[in-house]
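See structure below.
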Amino acid sequence: MGSGRTRAWGCGVEPYGPKSLRRSPTDKPFQGGVLREHVKGPTIRFLGGVREIGGNKILIEDGPDRVLFDFGPSFSPRVEAFYVNYLQPRTTSPAKDLLEFDLVRRLPGLYSREALGDGDLAYTEPEIHGIFVSHAHADHAGYLSLVDPTIPVHVGEGTRTLLSAIETSSTRMKYGEHPWEVFRDKAPVRVGRIEVVPFPVDHSIPFAYGFLVRTSEGTLAYTGDFRHHGPRASDTHAFFQAVAAEKVDALLIEGTRAGPDPRRNLSEEGVRSGVDRVLNERAGLALACTYPRDIDRLRTLHAAASAADRDLVVSVRTAHLLTQVAPRFAPGEIPVPGHSPGLRVYARKKRTSYLWERPFLDDALLAEEVRRRGRKCLLALDLAHFPELIDLRPPEGSPFIHSMSEPFSEDDVDDKVMHNWLEHFGLEFHQMHASGHASGSELLEIVRATGARTVYPIHTEHPEAFEKAGPSVRLPELGVAYPLAG
């Protein structure tokens with residue numbers, strides 16, 4: 001998902017208040033083995049991602065072997081009822097502070113001694129034998145810093161590059177020290193009895209994966225986050241073909257867009273067409289807002305700007321990210337500041353700069369230069385950098401291309417603030433986004449096509465929407481151990 005404060009493309013279905021803070025009967029503190037002791041054989045346990053967007057934490061147990069898939073914060077209202085913006089867990093005891101409100105599970109042998117601090121969950125030696133990260137979005141990797149530093153973390157090579165670039169350029173996003181184990185596409189990784197096969201899938205961040213997980217008594221598939229309509233859709237198709245061929249016992253499928261979804265299902269080509277139209281119709285400075293890690297969208301904006309005889313002007317942080325990930329792609333596929341025509345860097349006025357920023361500052365554009373160049377620029381501006389508009393002073397009627405998810409809730413604070421700024425400066429709003437997730441109808445088609453014996457919808461606020469796909473759908477509960485063979 002995107003960076004910064006969580007946006008409401010699913011967060012605001014229930015208003016804050018007593019109902020949104022109420023726990024389900026199974027949403028209770030989990031002590032290792034309490035709910036599993038009568039289950040024989042491999043099991044699946046959901047420690048997050050149940051009836052919520054993000055927060056996937058999936059524990060697979062096979063005899064003595066325990067593997068976790070993804071470990072990040074959720075985008076549920078319950079989280080923001082306690083921690084929001086700069087009100088965050090203390091760096092001296094982050095796991096303790098999250099456990100206070102049951103925002104992470106009480107799983108012995110997972111957390112580091114430092115993260116637990118002096119909380120009531122005592123530190124124990126690691127009982128998790130590996131963590132597999134599907135992709136680099138915060139809701140799947142953002143809690144890695146809580147993990148015991150001796151537990152291996154398995155990631156794709158590109159994801160490792162992304163995480164390093166994000167960590168270097170962020171003061172808040174840290175992943176901790178781990179034995180990083182880099183896997184290769186479709187190459188099996190064995191952890192005790194459990195064998196994991198990573199398959200690349202298409203998503204709104206590169207280097208995303210789904211997994212086939214083979215145990216001593218059956219196979220499951222975990223989709224991670226995926227879409228069918230992006231530039232790498234063929235990867236997604238290949239993964240689900242492999243899932244169908246495997247005849248999996250269980251399919252753990254994300255359903256971000258299951259249920260009510262007012263958004264248009266644009267492709268990246270559809271976004272490009274819309275941006276082309278806006279840039280050709282407006283002669284002055286154009287602005288855009290997108291997720292800084294959506295490399296496909298940045299490529300689209302760069303191509304559209306070049307076609308309109310404009311420069312795409314990006315932040316220093318985006319410039320750093322593009323520079324770091326470009327070597328993972330074919331030469332020339334990713335625009336790189338200082339090497340690719342039509343790509344410039346915007347320098348905000350700051351008292352100091354970080355070492356990672358300095359390589360981009362000598363040739364960077366200041367607000368006065370961007371304002372003077374006007375119609376020669378398409379400026380990608382994050383919401384956090386909106387104060388730059390005070391210096392930029394774009395002419396009234398200048399286009400603002402919002403190339404991010406639309407909010408599901410009319411109460412989304414970020415969306416209201418953004419429109420306050422746009423109205424103040426008289427900017428013309430255009431919504432153009434290709435989602436990083438499959439549509440509701442696509443999800444149902446996938447469930448039917450894979451033929452999994454049991455289907456568990458996760459990473460969704462509307463798991464019941466999957467019941468249309470047939471009797472194989474089972475709505476998971478937090479902390480319950482589900483036998484893979486039953």
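Letters for chains follow the order of the structure tokens (A, B, ...), residue numbers begin at 1 for each chain, and ligand numbers begin at 1 in the order shown.
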
**alpha helix (DSSP H) per DSSP on the backbone: members of region 235-446 of chain A, as a PyMOL selection string** = chain A and resi 235-246+268-281+295-307+316-325+367-373+388-392+413-425+440-446

**Request:** Write out as a list of chain:residue names which residues come within 7 Å of Ile44 (chain A) when counting only C-alpha atoms, dropping same-chain ones fewer than 2 positions away.
**Result:**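 The contact residues come out as A:Phe46, A:Leu59, A:Ile60, A:Glu61, A:Ala481, A:Tyr482, A:Pro483, A:Leu484.
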
Please, could you write that set of residues out with N, CA and C atoms as an mmCIF file, in the first residue's frame?
```
data_model
loop_
_atom_site.group_PDB
_atom_site.id
_atom_site.type_symbol
_atom_site.label_atom_id
_atom_site.label_comp_id
_atom_site.auth_asym_id
_atom_site.auth_seq_id
_atom_site.Cartn_x
_atom_site.Cartn_y
_atom_site.Cartn_z
ATOM 1 N N PHE A 46 -4.380 -17.465 11.441
ATOM 2 C CA PHE A 46 -4.391 -16.069 11.001
ATOM 3 C C PHE A 46 -4.224 -15.172 12.221
ATOM 4 N N LEU A 59 0.509 -17.755 10.169
ATOM 5 C CA LEU A 59 1.422 -18.728 10.770
ATOM 6 C C LEU A 59 1.093 -20.120 10.248
ATOM 7 N N ILE A 60 2.066 -20.767 9.630
ATOM 8 C CA ILE A 60 1.934 -22.143 9.171
ATOM 9 C C ILE A 60 2.775 -23.016 10.081
ATOM 10 N N GLU A 61 2.154 -24.030 10.659
ATOM 11 C CA GLU A 61 2.843 -24.936 11.573
ATOM 12 C C GLU A 61 2.741 -26.366 11.054
ATOM 13 N N ALA A 481 -6.556 -22.228 14.921
ATOM 14 C CA ALA A 481 -5.713 -23.112 14.122
ATOM 15 C C ALA A 481 -6.600 -23.962 13.227
ATOM 16 N N TYR A 482 -6.491 -23.741 11.916
ATOM 17 C CA TYR A 482 -7.282 -24.508 10.949
ATOM 18 C C TYR A 482 -6.427 -25.616 10.372
ATOM 19 N N PRO A 483 -6.884 -26.870 10.463
ATOM 20 C CA PRO A 483 -6.101 -27.956 9.885
ATOM 21 C C PRO A 483 -6.065 -27.860 8.365
ATOM 22 N N LEU A 484 -4.894 -28.009 7.796
ATOM 23 C CA LEU A 484 -4.774 -27.923 6.347
ATOM 24 C C LEU A 484 -5.553 -29.050 5.678
#
```

**Prompt:** Which is closest to Asn85 (chain A) among A:Arg172, A:Ser145, A:Lys350, A:Arg263, if we use only C-alpha atoms?
**Reply:** A:Arg172

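Minimum atom-to-atom distance to Arg272 (chain A), evaluated using only C-alpha atoms, belongs to A:Arg299 out of A:Arg299, A:Lys349, A:Arg257, A:Arg371.
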
**Request:** Excluding region 393-396 of chain A and residues on its chain fewer than 2 positions from it, collect all residues at most 6 Å away from it, counting only C-alpha atoms, and give them as a list in words.
**Result:**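 The residues satisfying every condition are Leu389, Ile390, Asp391, Ser398, Gly426 and Leu427 of chain A.
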
**Message:** I'd like the neighbourhood of Ser273 (chain A) as an NGL selection string, where a residue qualifies if any of its atoms comes within 10 Å (using only C-alpha atoms), though same-chain residues fewer than 5 positions away should be ignored.
**Reply:** :A and (267-268 or 278 or 300 or 304 or 432)

Output the selection as a tab-separated table (two decimals), in the first residue's frame - N, CA and C atoms for each residue.
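Written output follows (part-v6.tsv):
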```tsv
chain	number	residue	atom	x	y	z
A	267	SER	N	-6.76	0.33	-16.25
A	267	SER	CA	-5.46	-0.28	-16.46
A	267	SER	C	-4.41	0.83	-16.46
A	268	GLU	N	-3.13	0.45	-16.49
A	268	GLU	CA	-2.08	1.45	-16.57
A	268	GLU	C	-2.19	2.22	-17.89
A	278	VAL	N	-5.16	15.33	-20.21
A	278	VAL	CA	-5.04	16.50	-19.35
A	278	VAL	C	-3.85	17.37	-19.76
A	300	THR	N	4.68	5.66	-16.08
A	300	THR	CA	3.57	6.20	-16.88
A	300	THR	C	3.61	7.72	-16.92
A	304	ALA	N	4.20	10.07	-20.21
A	304	ALA	CA	3.19	11.05	-20.61
A	304	ALA	C	3.79	12.46	-20.63
A	432	MET	N	-7.23	9.64	-11.55
A	432	MET	CA	-6.76	8.65	-12.54
A	432	MET	C	-5.87	7.65	-11.83
```

**Residues of region 83-331 of chain A in strand (DSSP E or B), written as a ChimeraX atom specification** = /A:84,87,111,131-132,147,153-156,180-183,189-191,194-201,208-215,218-222,250-254,257,286-290,311-314

Could you write out the selected residues, including C-alpha atoms, as a PDB file, in the first residue's frame?
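Done, and the output landed in again-v3.pdb:
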```pdb
ATOM      1  CA  VAL A  84      -2.093   7.949  14.582  1.00  0.00           C
ATOM      2  CA  LEU A  87       1.408   9.376  18.196  1.00  0.00           C
ATOM      3  CA  TYR A 111       9.547 -10.627  19.308  1.00  0.00           C
ATOM      4  CA  ILE A 131       9.379 -15.142   7.922  1.00  0.00           C
ATOM      5  CA  PHE A 132       8.507 -14.814   4.231  1.00  0.00           C
ATOM      6  CA  VAL A 147      11.091  -9.462  15.329  1.00  0.00           C
ATOM      7  CA  VAL A 153      13.601 -13.145   6.901  1.00  0.00           C
ATOM      8  CA  HIS A 154      13.081 -14.441   3.345  1.00  0.00           C
ATOM      9  CA  VAL A 155      12.566 -11.861   0.583  1.00  0.00           C
ATOM     10  CA  GLY A 156      13.011 -11.532  -3.146  1.00  0.00           C
ATOM     11  CA  TRP A 180      18.201 -11.766   5.220  1.00  0.00           C
ATOM     12  CA  GLU A 181      17.669 -14.808   3.012  1.00  0.00           C
ATOM     13  CA  VAL A 182      17.129 -13.843  -0.636  1.00  0.00           C
ATOM     14  CA  PHE A 183      15.033 -16.271  -2.685  1.00  0.00           C
ATOM     15  CA  VAL A 189      13.009 -22.836  -0.106  1.00  0.00           C
ATOM     16  CA  ARG A 190      12.863 -25.472   2.625  1.00  0.00           C
ATOM     17  CA  VAL A 191      12.306 -24.696   6.312  1.00  0.00           C
ATOM     18  CA  ILE A 194       7.789 -26.872   4.993  1.00  0.00           C
ATOM     19  CA  GLU A 195       8.720 -26.053   1.410  1.00  0.00           C
ATOM     20  CA  VAL A 196       7.933 -22.583   0.041  1.00  0.00           C
ATOM     21  CA  VAL A 197       7.911 -21.765  -3.680  1.00  0.00           C
ATOM     22  CA  PRO A 198       7.772 -18.008  -4.486  1.00  0.00           C
ATOM     23  CA  PHE A 199       5.993 -16.883  -7.670  1.00  0.00           C
ATOM     24  CA  PRO A 200       6.167 -13.282  -8.922  1.00  0.00           C
ATOM     25  CA  VAL A 201       2.796 -11.529  -9.235  1.00  0.00           C
ATOM     26  CA  ALA A 208       5.639  -8.777  -5.301  1.00  0.00           C
ATOM     27  CA  TYR A 209       5.139 -12.515  -4.698  1.00  0.00           C
ATOM     28  CA  GLY A 210       2.561 -15.175  -4.059  1.00  0.00           C
ATOM     29  CA  PHE A 211       3.589 -18.510  -2.560  1.00  0.00           C
ATOM     30  CA  LEU A 212       2.917 -22.214  -2.881  1.00  0.00           C
ATOM     31  CA  VAL A 213       3.505 -23.787   0.523  1.00  0.00           C
ATOM     32  CA  ARG A 214       3.999 -27.550   0.648  1.00  0.00           C
ATOM     33  CA  THR A 215       3.725 -29.321   3.993  1.00  0.00           C
ATOM     34  CA  GLY A 218      -0.837 -31.073   1.761  1.00  0.00           C
ATOM     35  CA  THR A 219      -0.285 -27.782  -0.044  1.00  0.00           C
ATOM     36  CA  LEU A 220      -1.666 -24.273   0.356  1.00  0.00           C
ATOM     37  CA  ALA A 221      -1.337 -21.113  -1.711  1.00  0.00           C
ATOM     38  CA  TYR A 222      -0.969 -17.612  -0.287  1.00  0.00           C
ATOM     39  CA  ALA A 250      -6.262 -24.250   0.833  1.00  0.00           C
ATOM     40  CA  LEU A 251      -6.172 -20.878  -0.922  1.00  0.00           C
ATOM     41  CA  LEU A 252      -5.422 -17.827   1.230  1.00  0.00           C
ATOM     42  CA  ILE A 253      -6.527 -14.972  -1.011  1.00  0.00           C
ATOM     43  CA  GLU A 254      -6.457 -11.216  -0.520  1.00  0.00           C
ATOM     44  CA  ARG A 257     -11.724  -4.859  -3.413  1.00  0.00           C
ATOM     45  CA  ALA A 286       0.583  20.457 -14.085  1.00  0.00           C
ATOM     46  CA  LEU A 287       0.791  18.614 -10.783  1.00  0.00           C
ATOM     47  CA  ALA A 288       0.351  14.959  -9.877  1.00  0.00           C
ATOM     48  CA  CYS A 289       0.189  12.931  -6.683  1.00  0.00           C
ATOM     49  CA  THR A 290       1.001   9.222  -6.598  1.00  0.00           C
ATOM     50  CA  ASP A 311       9.806  17.164 -17.646  1.00  0.00           C
ATOM     51  CA  LEU A 312       8.530  14.933 -14.868  1.00  0.00           C
ATOM     52  CA  VAL A 313       9.811  16.549 -11.665  1.00  0.00           C
ATOM     53  CA  VAL A 314      10.016  14.206  -8.667  1.00  0.00           C
TER      54      VAL A 314
END
```

**Prompt:** CA of Gln88 (chain A) to CA of Glu52 (chain A): how many Å, to one decimal?
**Reply:** 19.9 Å

**Request:** Take CA of Pro206 (chain A) and CA of Tyr143 (chain A) and report the distance between them in Å, one decimal.
**Result:**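 Separation of CA of Pro206 (chain A) and CA of Tyr143 (chain A): 19.9 Å.
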
**Distance criterion (only C-alpha atoms): nearest to Ser405 (chain A) out of A:Ile295, A:Leu47, A:Ala434, A:Leu422** =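 The answer is A:Ala434, which sits nearest to Ser405 (chain A).
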
**Request:** Find the residues near region 138-140 of chain A: any atom within 6 Å, counting only C-alpha atoms, skip ones fewer than 6 places away on the same chain, and give them as a list in words.
**Result:**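 That gives Gly54, Gly55, Asp70, Phe71, Gly72, Pro73 and Ser74 of chain A.
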
**Message:** Taking 5 positions as the minimum chain separation for residues in the same chain, which residues sit within 10 Å of Tyr354 (chain A) when counting only C-alpha atoms? Answer as a ChimeraX atom specification.
**Reply:** /A:168-169,359

Residues near Tyr123 (chain A), cut-off 10 Å, only C-alpha atoms, skip fewer than 3 positions along chain, as a PDB file with C-alpha atoms, in the first residue's frame:
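Now in around-v5.pdb:
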```pdb
ATOM      1  CA  PRO A 108       6.031 -16.217  22.290  1.00  0.00           C
ATOM      2  CA  GLY A 109       9.291 -16.695  20.457  1.00  0.00           C
ATOM      3  CA  LEU A 110       8.629 -14.000  17.830  1.00  0.00           C
ATOM      4  CA  TYR A 111       9.547 -10.627  19.308  1.00  0.00           C
ATOM      5  CA  SER A 112      12.978  -9.302  20.179  1.00  0.00           C
ATOM      6  CA  ARG A 113      13.957  -8.673  23.771  1.00  0.00           C
ATOM      7  CA  GLU A 114      14.328  -4.944  22.999  1.00  0.00           C
ATOM      8  CA  ALA A 115      10.877  -4.655  21.402  1.00  0.00           C
ATOM      9  CA  LEU A 116       9.168  -6.309  24.377  1.00  0.00           C
ATOM     10  CA  GLY A 117      10.894  -4.144  26.953  1.00  0.00           C
ATOM     11  CA  ASP A 118       9.565  -4.851  30.423  1.00  0.00           C
ATOM     12  CA  GLY A 119       6.067  -5.817  29.256  1.00  0.00           C
ATOM     13  CA  ASP A 120       4.020  -8.739  30.564  1.00  0.00           C
ATOM     14  CA  PRO A 126      12.850 -17.793  18.898  1.00  0.00           C
ATOM     15  CA  ASP A 148      13.881 -11.306  17.125  1.00  0.00           C
TER      16      ASP A 148
END
```

**Request:** For CA of Leu301 (chain A) and CA of Val275 (chain A), quote the distance in Å rounded to one decimal.
**Result:**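 These two atoms are separated by 7.5 Å.
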